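**Student:** Hey, dropping data.txt in here, compact mmCIF, C-alpha atoms:
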# COMPACT_ATOMS: atom_id res chain seq x y z
CA MET A 1 322.81 -142.40 -34.76
CA ASP A 2 326.26 -141.12 -33.86
CA GLN A 3 327.56 -142.61 -30.57
CA ASN A 4 328.46 -139.17 -29.18
CA ILE A 5 324.87 -138.04 -29.69
CA LYS A 6 323.65 -141.18 -27.91
CA ASP A 7 325.98 -140.50 -24.98
CA CYS A 8 324.78 -136.90 -24.72
CA PHE A 9 321.19 -138.08 -24.68
CA LYS A 10 321.84 -140.65 -21.94
CA LYS A 11 323.59 -137.96 -19.91
CA SER A 12 320.52 -135.71 -20.19
CA LEU A 13 317.96 -138.36 -19.19
CA ASP A 14 317.96 -137.49 -15.50
CA GLU A 15 317.11 -133.87 -16.27
CA THR A 16 314.62 -134.75 -19.02
CA ALA A 17 312.53 -137.30 -17.10
CA ILE A 18 309.89 -135.76 -14.85
CA PRO A 19 308.97 -137.73 -11.70
CA GLY A 20 305.33 -138.79 -11.69
CA GLU A 21 304.68 -137.48 -8.16
CA LEU A 22 305.29 -133.90 -9.33
CA TYR A 23 302.13 -133.99 -11.44
CA LYS A 24 300.10 -134.52 -8.28
CA LYS A 25 302.13 -132.01 -6.29
CA TYR A 26 301.41 -129.22 -8.76
CA SER A 27 297.85 -130.39 -9.59
CA VAL A 28 298.76 -131.01 -13.22
CA LYS A 29 296.12 -133.09 -15.01
CA LYS A 30 298.29 -135.58 -16.89
CA GLY A 31 296.72 -136.43 -20.24
CA LEU A 32 294.12 -133.74 -19.46
CA ARG A 33 292.41 -136.29 -17.19
CA ASN A 34 291.04 -135.79 -13.70
CA GLU A 35 291.87 -138.30 -10.98
CA ASP A 36 288.53 -140.08 -11.47
CA GLY A 37 289.34 -140.60 -15.16
CA THR A 38 287.02 -137.91 -16.52
CA GLY A 39 288.37 -135.40 -18.97
CA VAL A 40 289.36 -131.89 -17.96
CA LEU A 41 286.70 -129.49 -19.21
CA VAL A 42 288.34 -127.29 -21.86
CA GLY A 43 285.51 -126.36 -24.21
CA LEU A 44 281.83 -126.30 -25.12
CA THR A 45 280.15 -127.93 -28.11
CA ASN A 46 276.70 -128.36 -29.63
CA ILE A 47 277.78 -131.07 -32.06
CA SER A 48 277.92 -134.35 -30.17
CA ASP A 49 277.88 -135.80 -26.67
CA VAL A 50 279.67 -138.87 -25.36
CA VAL A 51 278.02 -140.21 -22.20
CA GLY A 52 279.69 -142.94 -20.16
CA TYR A 53 278.83 -142.06 -16.58
CA LYS A 54 276.48 -140.00 -14.44
CA LYS A 55 276.94 -137.95 -11.29
CA VAL A 56 275.08 -139.08 -8.16
CA ASP A 57 275.42 -136.78 -5.12
CA GLY A 58 278.51 -135.32 -6.73
CA GLU A 59 280.13 -138.72 -7.27
CA LYS A 60 280.93 -140.27 -10.64
CA VAL A 61 278.97 -143.49 -11.26
CA ASP A 62 279.56 -145.74 -14.29
CA ASP A 63 276.60 -145.92 -16.66
CA TYR A 64 275.66 -147.45 -20.00
CA GLY A 65 277.28 -145.58 -22.86
CA THR A 66 275.29 -143.34 -25.16
CA LEU A 67 276.39 -141.28 -28.16
CA TYR A 68 274.39 -138.30 -29.38
CA TYR A 69 274.73 -136.35 -32.62
CA ARG A 70 273.11 -132.93 -32.22
CA GLY A 71 271.04 -134.28 -29.33
CA ILE A 72 269.80 -137.36 -31.22
CA ASN A 73 270.76 -140.84 -30.00
CA VAL A 74 272.92 -142.49 -32.67
CA LYS A 75 271.28 -145.83 -31.87
CA ASP A 76 267.92 -144.35 -32.93
CA ILE A 77 269.45 -142.93 -36.11
CA VAL A 78 270.79 -146.33 -37.13
CA GLU A 79 267.64 -148.23 -36.13
CA ASN A 80 265.27 -145.83 -37.92
CA GLY A 81 267.49 -145.61 -41.00
CA LYS A 82 267.91 -149.29 -41.81
CA GLY A 83 267.90 -149.88 -45.55
CA ARG A 84 268.58 -146.24 -46.50
CA ARG A 85 271.42 -146.05 -49.02
CA PHE A 86 272.37 -142.50 -48.08
CA LEU A 87 272.03 -142.66 -44.29
CA TYR A 88 275.63 -141.57 -43.74
CA GLU A 89 274.96 -138.53 -45.92
CA GLU A 90 271.93 -137.72 -43.74
CA VAL A 91 274.18 -137.93 -40.68
CA CYS A 92 276.72 -135.66 -42.37
CA PHE A 93 273.95 -133.12 -42.94
CA LEU A 94 272.84 -133.44 -39.30
CA ILE A 95 276.36 -132.93 -37.93
CA LEU A 96 277.13 -129.99 -40.22
CA PHE A 97 273.80 -128.14 -40.04
CA GLY A 98 272.34 -129.21 -36.69
CA TYR A 99 269.12 -130.84 -37.88
CA LEU A 100 267.97 -133.76 -40.02
CA PRO A 101 267.19 -132.77 -43.63
CA ASN A 102 263.80 -133.02 -45.30
CA ARG A 103 263.61 -134.89 -48.61
CA GLU A 104 264.37 -131.87 -50.77
CA GLU A 105 267.32 -130.80 -48.62
CA LEU A 106 268.77 -134.31 -48.60
CA GLU A 107 268.49 -134.66 -52.38
CA HIS A 108 270.29 -131.35 -52.86
CA PHE A 109 272.98 -132.33 -50.34
CA LYS A 110 273.49 -135.71 -52.04
CA LYS A 111 273.89 -133.93 -55.38
CA THR A 112 276.41 -131.52 -53.83
CA ILE A 113 278.43 -134.43 -52.44
CA SER A 114 278.43 -136.32 -55.76
CA ASP A 115 279.49 -133.17 -57.64
CA HIS A 116 282.58 -133.08 -55.43
CA TYR A 117 283.62 -136.69 -56.13
CA SER A 118 285.65 -135.47 -59.10
CA LEU A 119 289.37 -134.88 -58.61
CA PRO A 120 291.18 -131.96 -60.26
CA GLU A 121 292.41 -132.54 -63.80
CA ARG A 122 295.37 -134.97 -63.92
CA TYR A 123 295.39 -135.15 -60.10
CA LEU A 124 295.18 -138.95 -60.18
CA GLU A 125 298.14 -139.37 -62.53
CA LEU A 126 300.39 -136.68 -61.08
CA ASN A 127 299.81 -136.90 -57.33
CA ILE A 128 298.47 -140.37 -56.59
CA LEU A 129 299.87 -142.73 -59.21
CA GLY A 130 303.02 -140.64 -59.66
CA TYR A 131 303.93 -140.62 -55.95
CA PRO A 132 302.92 -143.93 -54.34
CA GLU A 133 303.33 -144.37 -50.58
CA LYS A 134 303.51 -147.47 -48.37
CA ASN A 135 301.70 -145.89 -45.42
CA LEU A 136 298.27 -144.72 -46.51
CA MET A 137 297.70 -142.41 -43.52
CA ASN A 138 300.90 -140.51 -44.25
CA LYS A 139 299.90 -140.39 -47.91
CA LEU A 140 296.46 -139.07 -46.95
CA GLN A 141 298.07 -136.23 -45.00
CA ARG A 142 300.12 -135.31 -48.05
CA GLU A 143 297.09 -135.46 -50.33
CA VAL A 144 295.02 -133.21 -48.07
CA LEU A 145 297.85 -130.67 -48.05
CA MET A 146 298.17 -131.06 -51.83
CA LEU A 147 294.50 -130.08 -52.25
CA TYR A 148 295.49 -126.71 -50.77
CA SER A 149 297.40 -126.07 -54.00
CA TYR A 150 294.29 -126.72 -56.10
CA ASP A 151 292.09 -124.35 -54.08
CA ASP A 152 291.69 -120.88 -55.59
CA ASP A 153 291.25 -119.34 -52.14
CA PRO A 154 292.84 -121.83 -49.69
CA ASP A 155 293.48 -119.47 -46.79
CA ASN A 156 289.92 -118.20 -46.59
CA VAL A 157 288.69 -119.16 -43.10
CA GLY A 158 285.19 -117.76 -43.44
CA VAL A 159 282.54 -120.13 -42.06
CA LEU A 160 280.68 -120.59 -45.36
CA GLU A 161 283.94 -121.10 -47.20
CA THR A 162 285.01 -123.63 -44.55
CA LEU A 163 281.71 -125.46 -44.99
CA ASP A 164 282.27 -125.65 -48.76
CA LYS A 165 285.84 -126.89 -48.33
CA GLY A 166 284.70 -129.40 -45.69
CA ILE A 167 282.06 -130.86 -48.02
CA ASP A 168 284.68 -131.10 -50.75
CA LEU A 169 286.94 -133.11 -48.42
CA ILE A 170 284.07 -135.35 -47.26
CA ALA A 171 283.44 -136.30 -50.90
CA LYS A 172 287.02 -136.48 -52.17
CA ILE A 173 288.82 -138.27 -49.34
CA PRO A 174 287.12 -141.67 -49.97
CA VAL A 175 288.03 -141.43 -53.65
CA ILE A 176 291.62 -140.39 -52.93
CA VAL A 177 292.14 -143.14 -50.32
CA SER A 178 290.77 -145.79 -52.67
CA TYR A 179 293.07 -144.71 -55.47
CA THR A 180 296.13 -144.40 -53.22
CA TYR A 181 295.54 -147.98 -52.07
CA GLN A 182 295.45 -149.20 -55.67
CA SER A 183 298.68 -147.31 -56.35
CA LYS A 184 300.31 -148.85 -53.28
CA VAL A 185 299.27 -152.36 -54.35
CA HIS A 186 300.82 -151.84 -57.79
CA HIS A 187 304.08 -150.19 -56.78
CA PHE A 188 304.93 -151.91 -53.50
CA ASP A 189 302.96 -155.17 -53.42
CA LYS A 190 303.58 -155.91 -57.12
CA GLY A 191 299.89 -156.60 -57.64
CA SER A 192 297.37 -155.50 -60.21
CA MET A 193 296.10 -151.93 -60.07
CA ILE A 194 292.37 -151.49 -60.75
CA ILE A 195 291.19 -147.92 -61.33
CA HIS A 196 287.44 -147.45 -61.70
CA HIS A 197 285.90 -144.12 -62.63
CA GLN A 198 283.80 -142.64 -59.83
CA ASN A 199 280.13 -143.57 -59.91
CA TYR A 200 278.16 -140.38 -59.29
CA ASP A 201 274.97 -142.28 -58.41
CA TYR A 202 276.59 -144.08 -55.49
CA SER A 203 276.54 -143.12 -51.84
CA ILE A 204 279.91 -142.67 -50.13
CA ALA A 205 279.77 -146.19 -48.66
CA GLU A 206 278.89 -147.69 -52.06
CA GLN A 207 281.59 -145.62 -53.75
CA ILE A 208 284.26 -146.99 -51.40
CA LEU A 209 283.33 -150.63 -52.04
CA TYR A 210 283.03 -150.01 -55.78
CA LEU A 211 286.44 -148.35 -56.09
CA LEU A 212 288.25 -150.93 -53.96
CA ARG A 213 286.91 -154.08 -55.58
CA ARG A 214 288.22 -155.54 -58.81
CA ASP A 215 284.73 -156.14 -60.24
CA GLY A 216 283.15 -153.18 -58.45
CA THR A 217 280.27 -155.29 -57.09
CA PHE A 218 278.89 -155.53 -53.56
CA SER A 219 275.75 -156.72 -51.78
CA ASN A 220 273.16 -154.45 -50.17
CA LYS A 221 274.10 -155.91 -46.79
CA GLU A 222 277.78 -155.06 -47.31
CA ALA A 223 276.94 -151.47 -48.25
CA GLU A 224 274.61 -151.14 -45.26
CA VAL A 225 277.27 -152.41 -42.85
CA LEU A 226 279.92 -150.02 -44.21
CA ASN A 227 277.34 -147.21 -44.11
CA THR A 228 276.82 -147.97 -40.41
CA ALA A 229 280.58 -148.04 -39.78
CA LEU A 230 280.92 -144.56 -41.29
CA ILE A 231 278.05 -143.27 -39.15
CA LEU A 232 279.53 -144.66 -35.93
CA HIS A 233 282.89 -143.03 -36.66
CA ALA A 234 281.53 -139.69 -37.91
CA ASP A 235 282.11 -137.83 -34.64
CA HIS A 236 282.84 -138.50 -30.99
CA GLY A 237 282.72 -135.26 -29.05
CA GLY A 238 285.21 -132.43 -28.97
CA GLY A 239 287.61 -134.14 -26.58
CA ASN A 240 288.84 -137.07 -28.67
CA ASN A 241 292.47 -136.58 -29.59
CA SER A 242 292.16 -135.96 -33.34
CA THR A 243 289.19 -133.60 -33.04
CA PHE A 244 290.91 -131.67 -30.27
CA THR A 245 294.04 -131.51 -32.43
CA ASN A 246 291.93 -130.13 -35.27
CA VAL A 247 290.38 -127.50 -32.98
CA VAL A 248 293.75 -126.49 -31.49
CA ILE A 249 295.21 -126.00 -34.96
CA SER A 250 292.07 -124.20 -36.15
CA SER A 251 292.31 -121.78 -33.22
CA THR A 252 295.48 -120.34 -34.76
CA GLY A 253 293.51 -119.09 -37.77
CA THR A 254 295.27 -121.38 -40.24
CA ASP A 255 293.68 -123.07 -43.27
CA ILE A 256 291.41 -126.12 -43.14
CA TYR A 257 293.93 -128.32 -44.98
CA SER A 258 296.55 -127.81 -42.28
CA ALA A 259 294.03 -128.51 -39.53
CA ILE A 260 292.65 -131.68 -41.14
CA SER A 261 296.16 -132.93 -41.93
CA GLY A 262 297.09 -132.54 -38.26
CA ALA A 263 293.97 -134.44 -37.20
CA ILE A 264 294.88 -137.28 -39.57
CA GLY A 265 298.33 -137.46 -37.98
CA SER A 266 296.70 -137.81 -34.57
CA LEU A 267 294.27 -140.47 -35.78
CA LYS A 268 297.13 -142.58 -37.13
CA GLY A 269 298.35 -143.40 -33.62
CA PRO A 270 297.68 -146.91 -32.23
CA LYS A 271 296.13 -145.40 -29.09
CA HIS A 272 293.53 -143.68 -31.28
CA GLY A 273 292.41 -144.65 -34.79
CA GLY A 274 295.13 -147.23 -35.30
CA ALA A 275 293.70 -149.47 -32.56
CA ASN A 276 291.46 -151.46 -34.94
CA ILE A 277 294.53 -152.80 -36.76
CA LYS A 278 296.02 -153.90 -33.44
CA VAL A 279 292.83 -155.83 -32.60
CA GLN A 280 292.96 -157.64 -35.93
CA GLN A 281 296.63 -158.53 -35.49
CA MET A 282 296.01 -159.68 -31.93
CA MET A 283 293.19 -161.98 -33.01
CA LYS A 284 295.40 -163.48 -35.71
CA ASP A 285 298.04 -164.16 -33.08
CA LEU A 286 295.41 -165.74 -30.83
CA LYS A 287 294.35 -168.13 -33.60
CA LYS A 288 297.99 -169.01 -34.15
CA HIS A 289 298.60 -169.96 -30.51
CA VAL A 290 295.20 -171.29 -29.39
CA LYS A 291 294.68 -174.77 -30.81
CA ASP A 292 290.94 -174.93 -30.10
CA THR A 293 289.33 -171.48 -30.38
CA SER A 294 286.11 -172.83 -28.87
CA ASP A 295 287.96 -173.83 -25.67
CA VAL A 296 287.28 -171.14 -23.07
CA ASP A 297 290.21 -172.21 -20.87
CA GLU A 298 292.66 -171.89 -23.76
CA ILE A 299 291.36 -168.42 -24.59
CA VAL A 300 291.63 -167.32 -20.95
CA PHE A 301 295.22 -168.61 -20.82
CA TYR A 302 296.15 -166.61 -23.94
CA LEU A 303 294.44 -163.44 -22.64
CA SER A 304 296.29 -163.87 -19.35
CA GLN A 305 299.53 -164.05 -21.29
CA LEU A 306 298.61 -160.77 -23.00
CA LEU A 307 298.09 -159.06 -19.64
CA ASN A 308 301.34 -160.56 -18.34
CA LYS A 309 303.24 -159.11 -21.33
CA GLU A 310 304.08 -162.64 -22.49
CA ALA A 311 302.16 -162.72 -25.79
CA PHE A 312 301.64 -160.75 -29.02
CA ASP A 313 303.46 -157.39 -28.73
CA LYS A 314 304.19 -157.87 -25.01
CA ARG A 315 302.70 -154.51 -24.03
CA GLY A 316 300.27 -155.97 -21.50
CA LEU A 317 297.18 -154.85 -23.43
CA ILE A 318 294.10 -156.61 -24.72
CA TYR A 319 293.37 -154.37 -27.69
CA GLY A 320 289.80 -153.28 -28.24
CA MET A 321 289.09 -153.35 -24.51
CA GLY A 322 288.54 -150.18 -22.55
CA HIS A 323 287.74 -146.58 -23.43
CA ALA A 324 288.55 -143.17 -22.00
CA VAL A 325 284.87 -142.35 -21.41
CA TYR A 326 282.76 -145.52 -21.70
CA SER A 327 282.82 -147.97 -18.82
CA VAL A 328 279.78 -150.28 -18.87
CA SER A 329 279.35 -150.29 -22.66
CA ASP A 330 280.46 -148.52 -25.82
CA PRO A 331 277.22 -147.83 -27.75
CA ARG A 332 279.06 -147.99 -31.06
CA ALA A 333 280.32 -151.50 -30.30
CA GLN A 334 276.83 -152.54 -29.22
CA ILE A 335 275.27 -151.22 -32.42
CA PHE A 336 278.01 -152.74 -34.54
CA LYS A 337 277.69 -156.17 -32.95
CA GLY A 338 274.23 -156.81 -34.44
CA PHE A 339 275.44 -155.93 -37.93
CA VAL A 340 278.58 -158.00 -37.40
CA LYS A 341 276.47 -161.07 -36.67
CA ASP A 342 274.29 -160.57 -39.75
CA LEU A 343 277.32 -160.14 -42.01
CA ALA A 344 279.09 -163.13 -40.44
CA GLU A 345 276.05 -165.27 -41.21
CA GLU A 346 276.06 -164.04 -44.82
CA LYS A 347 279.80 -164.78 -45.14
CA GLY A 348 279.72 -168.13 -43.33
CA LEU A 349 281.99 -166.85 -40.56
CA MET A 350 279.89 -167.52 -37.48
CA ASP A 351 282.77 -169.40 -35.80
CA ASP A 352 284.86 -166.23 -35.98
CA TYR A 353 281.95 -164.17 -34.69
CA GLN A 354 281.57 -166.53 -31.72
CA LEU A 355 285.30 -166.25 -31.02
CA TYR A 356 285.08 -162.45 -30.92
CA SER A 357 282.05 -162.65 -28.62
CA ASN A 358 283.87 -165.05 -26.29
CA VAL A 359 287.00 -162.90 -26.19
CA GLU A 360 284.92 -159.81 -25.44
CA GLN A 361 283.18 -161.45 -22.48
CA LEU A 362 286.27 -163.19 -21.09
CA ALA A 363 288.54 -160.16 -21.47
CA VAL A 364 286.18 -157.85 -19.60
CA ASP A 365 285.94 -160.33 -16.72
CA LEU A 366 289.68 -160.98 -16.66
CA ILE A 367 290.71 -157.30 -16.69
CA SER A 368 288.17 -156.43 -13.99
CA LYS A 369 289.54 -159.14 -11.70
CA ARG A 370 293.24 -158.66 -12.32
CA ARG A 371 293.68 -154.90 -12.55
CA THR A 372 292.82 -152.01 -10.29
CA ILE A 373 291.08 -149.48 -12.53
CA TYR A 374 289.16 -146.30 -11.76
CA LYS A 375 286.18 -147.33 -13.85
CA GLY A 376 284.60 -150.31 -15.55
CA VAL A 377 285.98 -151.77 -18.75
CA CYS A 378 284.10 -152.74 -21.91
CA ALA A 379 284.73 -153.58 -25.54
CA ASN A 380 285.13 -150.46 -27.67
CA VAL A 381 284.18 -149.93 -31.31
CA ASP A 382 287.66 -150.88 -32.50
CA PHE A 383 287.18 -154.42 -31.19
CA TYR A 384 284.63 -155.20 -33.90
CA SER A 385 285.42 -152.70 -36.66
CA GLY A 386 288.51 -154.57 -37.93
CA PHE A 387 286.52 -157.82 -38.07
CA VAL A 388 283.82 -156.04 -40.07
CA TYR A 389 286.31 -154.55 -42.52
CA SER A 390 288.02 -157.92 -43.01
CA MET A 391 284.64 -159.53 -43.81
CA LEU A 392 284.14 -156.79 -46.39
CA GLY A 393 287.45 -157.74 -47.97
CA ILE A 394 289.06 -154.46 -46.92
CA PRO A 395 292.80 -154.85 -46.21
CA GLU A 396 294.31 -153.88 -42.86
CA GLU A 397 296.20 -150.86 -44.18
CA LEU A 398 292.83 -149.26 -45.01
CA PHE A 399 291.25 -149.70 -41.56
CA THR A 400 292.47 -146.39 -40.14
CA PRO A 401 292.01 -144.43 -43.40
CA LEU A 402 288.37 -145.57 -43.32
CA PHE A 403 288.10 -144.05 -39.86
CA ALA A 404 289.50 -140.80 -41.28
CA MET A 405 287.03 -140.83 -44.19
CA ALA A 406 284.16 -140.91 -41.71
CA ARG A 407 285.60 -138.47 -39.18
CA ILE A 408 286.19 -135.72 -41.77
CA VAL A 409 282.63 -134.53 -41.18
CA GLY A 410 283.14 -134.25 -37.43
CA TRP A 411 286.42 -132.42 -37.87
CA SER A 412 284.79 -130.01 -40.32
CA ALA A 413 281.87 -129.30 -37.97
CA HIS A 414 284.11 -128.71 -34.94
CA ARG A 415 286.36 -126.45 -36.99
CA MET A 416 283.34 -124.35 -37.99
CA GLU A 417 282.16 -124.24 -34.38
CA GLU A 418 285.61 -123.02 -33.34
CA LEU A 419 285.59 -120.34 -36.05
CA ILE A 420 282.12 -119.16 -35.01
CA THR A 421 282.51 -119.19 -31.22
CA GLY A 422 286.21 -119.37 -30.44
CA ASP A 423 288.06 -116.08 -30.25
CA LYS A 424 291.35 -117.09 -28.67
CA ILE A 425 294.25 -119.24 -29.68
CA ILE A 426 294.36 -122.34 -27.47
CA ARG A 427 297.42 -121.96 -25.31
CA PRO A 428 297.54 -123.87 -21.99
CA ALA A 429 300.37 -123.45 -19.47
CA TYR A 430 303.27 -125.70 -18.50
CA LYS A 431 305.07 -125.27 -15.19
CA PRO A 432 308.87 -125.05 -15.59
CA LEU A 433 310.83 -127.27 -13.22
CA SER A 434 314.32 -126.15 -14.17
CA THR A 435 315.86 -123.25 -12.26
CA PRO A 436 317.37 -120.32 -14.16
CA LYS A 437 321.12 -120.60 -14.50
CA GLU A 438 323.06 -117.50 -13.52
Give the structure from this file in structure tokens form.

**Tutor:**
Amino acid sequence: MDQNIKDCFKKSLDETAIPGELYKKYSVKKGLRNEDGTGVLVGLTNISDVVGYKKVDGEKVDDYGTLYYRGINVKDIVENGKGRRFLYEEVCFLILFGYLPNREELEHFKKTISDHYSLPERYLELNILGYPEKNLMNKLQREVLMLYSYDDDPDNVGVLETLDKGIDLIAKIPVIVSYTYQSKVHHFDKGSMIIHHQNYDYSIAEQILYLLRRDGTFSNKEAEVLNTALILHADHGGGNNSTFTNVVISSTGTDIYSAISGAIGSLKGPKHGGANIKVQQMMKDLKKHVKDTSDVDEIVFYLSQLLNKEAFDKRGLIYGMGHAVYSVSDPRAQIFKGFVKDLAEEKGLMDDYQLYSNVEQLAVDLISKRRTIYKGVCANVDFYSGFVYSMLGIPEELFTPLFAMARIVGWSAHRMEELITGDKIIRPAYKPLSTPKE
């Protein structure tokens, strides 16, 4: 950057920076959060509910976390659906339509999804292989916007048309992401590129594993674990950053491709969907600096260094710990943990599983003792998801795109809800602090 531009910027810093005390003075909810940590109420939804506390005599009290899709506890969905190949598809149906499908409805929905696996003619060669990208989230944004060009009626924002376009994205995004990864490996990593044709008999979870792996094979346990991961990431209320971004953009009346692309940009951030990569990198750094990973004292010393901004990225964070809503427990992490243990046993990685369990317990205790926080702290879903993906042989650069693959259904449902019930562009107010110059 030109030095004169740098000097101008430094000169403007005093006017640009806003003192923190002014937010309280003018009752501005920074980050759209109330003083007790709860979110500012900005909308209504029938799609999902994220419960992390309860009110007792008007006071917020931390409680065990629960996640509901259309009023049904996600824990019950996962428990009752063990062994079902197409459980994520059932959850997609539930989120989109508001009820669980009967056998006939599910079979028709599965067929609709598989029909949409196909990419437009020469799309793979022209758009994916022809334009490789190092960052797969940025590439995914471009591909979603590119699909606009292949839609005969892309600006139609009717609810039924939005449902059809949403289903198309739910089916195509896993295929596109898998192929863009193969293209990235070939062009930038100088590795071998393996392109399988889509298997129209596979569920979305099976399709992902099939397209990513050289030999296209996977175990039933691996498919079940990835199926569960997709379910746990399918939606998380209307207030999470990427879903809210999607709704804000949708409120303008723009097309679904623009809205979903914006949501993907939000999800890319390390404070949102990118957190699972940070956890994985942090754990690698821990193994590098802790000689005996079974030694509790050594682990505590390393975690203390993290909090003191002396280790890893020196930001003072233990990644995977804490959540905006959950305080006592993140239900997704709790559900995941059982599957993580089973998969670790199958892969012979129980030592790693024990390390994650130890870090979870020690980090919660350490943060609670050392930091003044407005609510309890617990491991969130990102703490275990990266470990799961690594056991499945999925590379780090695909962790956040996997999140996006799952969340497409939630974004689509919230967009439809906004189209049906929202009648105003979302436009909050900002208080100006500068005085008019005469």

**Student:** For the atom pair CA of Leu129 in chain A and CA of Gln182 in chain A, what is the interatomic distance in Å to one decimal place?

**Tutor:** 8.6 Å

**Student:** Work out how far CA of Glu360 in chain A is from CA of Glu345 in chain A, in Å to one decimal.

**Tutor:**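 Distance between the two atoms: 18.9 Å.
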
**Student:** For Val159 in chain A, which residue out of A:Asp255, A:Asp313, A:Asp7, A:Asp382 is the nearest one, using only C-alpha atoms?

**Tutor:**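 Ranked by minimum distance to Val159 in chain A, first place goes to A:Asp255.
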
**Student:** Tell me which protein, DNA and RNA residues are within 8 Å of range 106-108 of chain A, counting all atoms listed in the file, leaving out same-chain ones fewer than 4 positions away, and put them as a PyMOL selection string.

**Tutor:** chain A and resi 89-90+93+101-102+112

**Student:** Tell me, as JSON, numbers by chain, which residues lie within 7 Å of range 325-340 of chain A, counting all atoms listed in the file; anything in the same chain fewer than 3 positions away does not count.

**Tutor:** {"A": [38, 52, 62, 63, 64, 65, 66, 67, 75, 225, 232, 343, 344, 375, 376, 377, 378, 379, 380, 381, 384, 388]}
